[in-house]
Amino acid sequence: MSVPPEALQKILQEIEVRVVQAQLELTSVKQQISQKQRDIRLNELTTKELSEVPETVGVWEGVGKMFLNVPIKSHISRLEQERKEDQEQLKALDKKLNYLETTYKNAKKNIDDILGSSQRH
C-alpha cells in the first residue's frame, strides 16, 4: 500500500512540529529543574546556618517593603515547608521531563520510520 507523497509530507510536518515543541519544552523543564535544585540547596544551606545560631536570637524576614523580626524556630519551620514544596515540584518536573523525553524519542523514531519507509518505495 502506497501513501501519496502529499499525505506523507503532511504527516512528516506534523511530527516535526511535535519534535520542535518537545525540544522547547525539554529545555524549559531542564531549566526549571535546575532552578528548583538551586532553591533546595540554598534552603538547606540557610537552614544549616540558622541551626547553628542560638534560639534566643531573632531573624529578620522581608515582607514586602518592611522587615519583621521573627523567632528562629518559626523561620526554620517556614524554610522546611518551602523545601518540601520545592521537592514535590521537583518530582513533578522530573515526571514531566521523562514524559517529554519519551515523546521526543517517539516522534524522532516516527520521522525515521517514515523516511525509511518512503526510501524503500
# chains A, B, ... in the order shown; residues from 1 in each chain; ligands from 1
>>> residues_around(residues="region 112-114 of chain A", least_positions_apart="5", cutoff="9 Å", atoms="only C-alpha atoms", output="JSON, numbers by chain")
{"A": [8, 11, 12, 107, 119]}
>>> select_by_dssp(residues="chain A", states="strand (DSSP E)", output="compact mmCIF listing (two decimals) with C-alpha atoms, in the first residue's frame")
# COMPACT_ATOMS: atom_id res chain seq x y z
CA GLY A 58 15.67 36.75 66.19
CA VAL A 59 15.79 36.64 62.42
CA TRP A 60 14.66 39.39 60.08
CA GLU A 61 12.25 38.34 57.34
CA GLY A 62 11.43 40.57 54.42
CA VAL A 63 7.71 41.18 53.98
CA MET A 66 9.34 46.04 55.51
CA PHE A 67 11.15 43.58 57.71
CA LEU A 68 9.77 41.60 60.63
CA ASN A 69 11.78 40.16 63.49
CA VAL A 70 10.65 36.54 63.91
CA PRO A 71 11.89 33.70 66.12
>>> closest_atom_pairs(of="region 59-112 of chain A", to="region 35-41 of chain A", cutoff="10 Å", atoms="only C-alpha atoms", output="JSON lines")
{"residue": "A:Leu79", "atom": "CA", "partner": "A:Ile40", "partner_atom": "CA", "distance": 9.6}
{"residue": "A:Glu80", "atom": "CA", "partner": "A:Ile40", "partner_atom": "CA", "distance": 9.7}
{"residue": "A:Glu82", "atom": "CA", "partner": "A:Ile40", "partner_atom": "CA", "distance": 8.5}
{"residue": "A:Arg83", "atom": "CA", "partner": "A:Ile40", "partner_atom": "CA", "distance": 5.8}
{"residue": "A:Lys84", "atom": "CA", "partner": "A:Ile40", "partner_atom": "CA", "distance": 8.8}
{"residue": "A:Glu85", "atom": "CA", "partner": "A:Ile40", "partner_atom": "CA", "distance": 9.6}
{"residue": "A:Asp86", "atom": "CA", "partner": "A:Lys36", "partner_atom": "CA", "distance": 6.3}
{"residue": "A:Gln87", "atom": "CA", "partner": "A:Ile40", "partner_atom": "CA", "distance": 7.4}
{"residue": "A:Gln89", "atom": "CA", "partner": "A:Lys36", "partner_atom": "CA", "distance": 7.8}
{"residue": "A:Leu90", "atom": "CA", "partner": "A:Lys36", "partner_atom": "CA", "distance": 6.4}
{"residue": "A:Leu93", "atom": "CA", "partner": "A:Lys36", "partner_atom": "CA", "distance": 9.3}
>>> closest_residue(among="A:Gln9, A:Ser74, A:Gln21, A:Thr103", to="Thr47 (chain A)", atoms="only C-alpha atoms")
A:Ser74
>>> residues_around(residues="Lys48 (chain A)", least_positions_apart="3", cutoff="12 Å", atoms="only C-alpha atoms", output="PyMOL selection string")
chain A and resi 41-45+51-53+72+76+79-80
>>> select_by_dssp(residues="chain A", states="alpha helix (DSSP H)", output="JSON, numbers by chain")
{"A": [5, 6, 7, 8, 9, 10, 11, 12, 13, 14, 15, 16, 17, 18, 19, 20, 21, 22, 23, 24, 25, 26, 27, 28, 29, 30, 31, 32, 33, 34, 35, 36, 37, 38, 39, 40, 41, 42, 43, 44, 45, 46, 47, 48, 49, 50, 51, 72, 73, 74, 75, 76, 77, 78, 79, 80, 81, 82, 83, 84, 85, 86, 87, 88, 89, 90, 91, 92, 93, 94, 95, 96, 97, 98, 99, 100, 101, 102, 103, 104, 105, 106, 107, 108, 109, 110, 111, 112, 113, 114, 115, 116, 117, 118, 119, 120]}
>>> closest_residue(among="A:Arg78, A:Leu115, A:Lys96, A:Val19", to="Gln32 (chain A)", atoms="only C-alpha atoms")
A:Lys96
>>> atom_distance(atom1="CA of Gln13 (chain A)", atom2="CA of Ser28 (chain A)")
22.7 Å
>>> atom_distance(atom1="CA of Glu16 (chain A)", atom2="CA of Tyr99 (chain A)")
17.4 Å
>>> closest_residue(among="A:Pro5, A:Lys95, A:Asn110, A:Tyr104", to="Arg18 (chain A)", atoms="only C-alpha atoms")
A:Tyr104
>>> atom_distance(atom1="CA of Thr27 (chain A)", atom2="CA of Glu14 (chain A)")
20.3 Å
>>> decode(residues="region 32-43 of chain A", atoms="all heavy atoms", output="mmCIF file, in the first residue's frame")
data_model
loop_
_atom_site.group_PDB
_atom_site.id
_atom_site.type_symbol
_atom_site.label_atom_id
_atom_site.label_comp_id
_atom_site.auth_asym_id
_atom_site.auth_seq_id
_atom_site.Cartn_x
_atom_site.Cartn_y
_atom_site.Cartn_z
ATOM 1 N N GLN A 32 13.910 24.705 34.637
ATOM 2 C CA GLN A 32 13.104 24.749 35.855
ATOM 3 C C GLN A 32 13.655 23.785 36.904
ATOM 4 O O GLN A 32 13.704 24.112 38.099
ATOM 5 C CB GLN A 32 11.641 24.415 35.545
ATOM 6 C CG GLN A 32 10.925 25.474 34.754
ATOM 7 C CD GLN A 32 9.537 25.030 34.328
ATOM 8 O OE1 GLN A 32 9.025 23.999 34.760
ATOM 9 N NE2 GLN A 32 8.912 25.825 33.464
ATOM 10 N N ILE A 33 14.062 22.597 36.461
ATOM 11 C CA ILE A 33 14.637 21.617 37.383
ATOM 12 C C ILE A 33 15.923 22.168 38.000
ATOM 13 O O ILE A 33 16.133 22.069 39.209
ATOM 14 C CB ILE A 33 14.896 20.275 36.661
ATOM 15 C CG1 ILE A 33 13.570 19.555 36.401
ATOM 16 C CG2 ILE A 33 15.853 19.390 37.458
ATOM 17 C CD1 ILE A 33 13.691 18.312 35.555
ATOM 18 N N SER A 34 16.747 22.758 37.173
ATOM 19 C CA SER A 34 17.996 23.338 37.670
ATOM 20 C C SER A 34 17.717 24.426 38.700
ATOM 21 O O SER A 34 18.374 24.490 39.755
ATOM 22 C CB SER A 34 18.784 23.904 36.489
ATOM 23 O OG SER A 34 19.960 24.510 36.925
ATOM 24 N N GLN A 35 16.734 25.270 38.431
ATOM 25 C CA GLN A 35 16.380 26.346 39.366
ATOM 26 C C GLN A 35 15.859 25.765 40.679
ATOM 27 O O GLN A 35 16.223 26.231 41.761
ATOM 28 C CB GLN A 35 15.331 27.274 38.742
ATOM 29 C CG GLN A 35 14.924 28.423 39.644
ATOM 30 C CD GLN A 35 16.074 29.348 39.982
ATOM 31 O OE1 GLN A 35 16.858 29.711 39.119
ATOM 32 N NE2 GLN A 35 16.172 29.734 41.236
ATOM 33 N N LYS A 36 15.007 24.753 40.614
ATOM 34 C CA LYS A 36 14.465 24.140 41.835
ATOM 35 C C LYS A 36 15.585 23.506 42.648
ATOM 36 O O LYS A 36 15.601 23.582 43.876
ATOM 37 C CB LYS A 36 13.402 23.084 41.513
ATOM 38 C CG LYS A 36 12.072 23.654 41.148
ATOM 39 C CD LYS A 36 11.458 24.363 42.326
ATOM 40 C CE LYS A 36 10.253 25.143 41.879
ATOM 41 N NZ LYS A 36 9.821 26.131 42.834
ATOM 42 N N GLN A 37 16.538 22.853 41.976
ATOM 43 C CA GLN A 37 17.654 22.248 42.690
ATOM 44 C C GLN A 37 18.493 23.311 43.398
ATOM 45 O O GLN A 37 18.926 23.114 44.530
ATOM 46 C CB GLN A 37 18.523 21.433 41.720
ATOM 47 C CG GLN A 37 17.850 20.169 41.249
ATOM 48 C CD GLN A 37 18.604 19.464 40.142
ATOM 49 O OE1 GLN A 37 19.369 20.077 39.396
ATOM 50 N NE2 GLN A 37 18.367 18.174 40.006
ATOM 51 N N ARG A 38 18.693 24.460 42.737
ATOM 52 C CA ARG A 38 19.418 25.566 43.377
ATOM 53 C C ARG A 38 18.636 26.092 44.576
ATOM 54 O O ARG A 38 19.210 26.363 45.629
ATOM 55 C CB ARG A 38 19.667 26.694 42.378
ATOM 56 C CG ARG A 38 20.837 26.460 41.456
ATOM 57 C CD ARG A 38 21.227 27.717 40.697
ATOM 58 N NE ARG A 38 20.165 28.250 39.866
ATOM 59 C CZ ARG A 38 19.923 27.905 38.601
ATOM 60 N NH1 ARG A 38 20.690 26.996 38.026
ATOM 61 N NH2 ARG A 38 18.954 28.456 37.916
ATOM 62 N N ASP A 39 17.322 26.237 44.415
ATOM 63 C CA ASP A 39 16.486 26.721 45.518
ATOM 64 C C ASP A 39 16.560 25.783 46.720
ATOM 65 O O ASP A 39 16.674 26.230 47.860
ATOM 66 C CB ASP A 39 15.026 26.867 45.075
ATOM 67 C CG ASP A 39 14.812 28.008 44.100
ATOM 68 O OD1 ASP A 39 15.726 28.844 43.942
ATOM 69 O OD2 ASP A 39 13.720 28.056 43.478
ATOM 70 N N ILE A 40 16.480 24.485 46.450
ATOM 71 C CA ILE A 40 16.541 23.499 47.532
ATOM 72 C C ILE A 40 17.899 23.562 48.224
ATOM 73 O O ILE A 40 17.980 23.547 49.458
ATOM 74 C CB ILE A 40 16.247 22.081 46.991
ATOM 75 C CG1 ILE A 40 14.767 21.969 46.598
ATOM 76 C CG2 ILE A 40 16.620 21.013 48.015
ATOM 77 C CD1 ILE A 40 14.426 20.711 45.844
ATOM 78 N N ARG A 41 18.951 23.656 47.442
ATOM 79 C CA ARG A 41 20.301 23.716 48.019
ATOM 80 C C ARG A 41 20.474 24.977 48.862
ATOM 81 O O ARG A 41 21.012 24.927 49.976
ATOM 82 C CB ARG A 41 21.347 23.678 46.891
ATOM 83 C CG ARG A 41 22.764 23.684 47.384
ATOM 84 C CD ARG A 41 23.132 22.393 48.061
ATOM 85 N NE ARG A 41 24.510 22.488 48.509
ATOM 86 C CZ ARG A 41 24.935 22.054 49.671
ATOM 87 N NH1 ARG A 41 24.110 21.467 50.502
ATOM 88 N NH2 ARG A 41 26.200 22.179 50.000
ATOM 89 N N LEU A 42 20.017 26.109 48.371
ATOM 90 C CA LEU A 42 20.094 27.355 49.130
ATOM 91 C C LEU A 42 19.294 27.246 50.418
ATOM 92 O O LEU A 42 19.745 27.681 51.487
ATOM 93 C CB LEU A 42 19.576 28.522 48.284
ATOM 94 C CG LEU A 42 19.552 29.887 48.957
ATOM 95 C CD1 LEU A 42 20.970 30.342 49.300
ATOM 96 C CD2 LEU A 42 18.874 30.905 48.059
ATOM 97 N N ASN A 43 18.135 26.654 50.330
ATOM 98 C CA ASN A 43 17.281 26.466 51.500
ATOM 99 C C ASN A 43 17.984 25.591 52.546
ATOM 100 O O ASN A 43 17.966 25.896 53.737
ATOM 101 C CB ASN A 43 15.963 25.835 51.060
ATOM 102 C CG ASN A 43 14.904 25.895 52.109
ATOM 103 O OD1 ASN A 43 15.144 25.521 53.246
ATOM 104 N ND2 ASN A 43 13.727 26.345 51.721
#
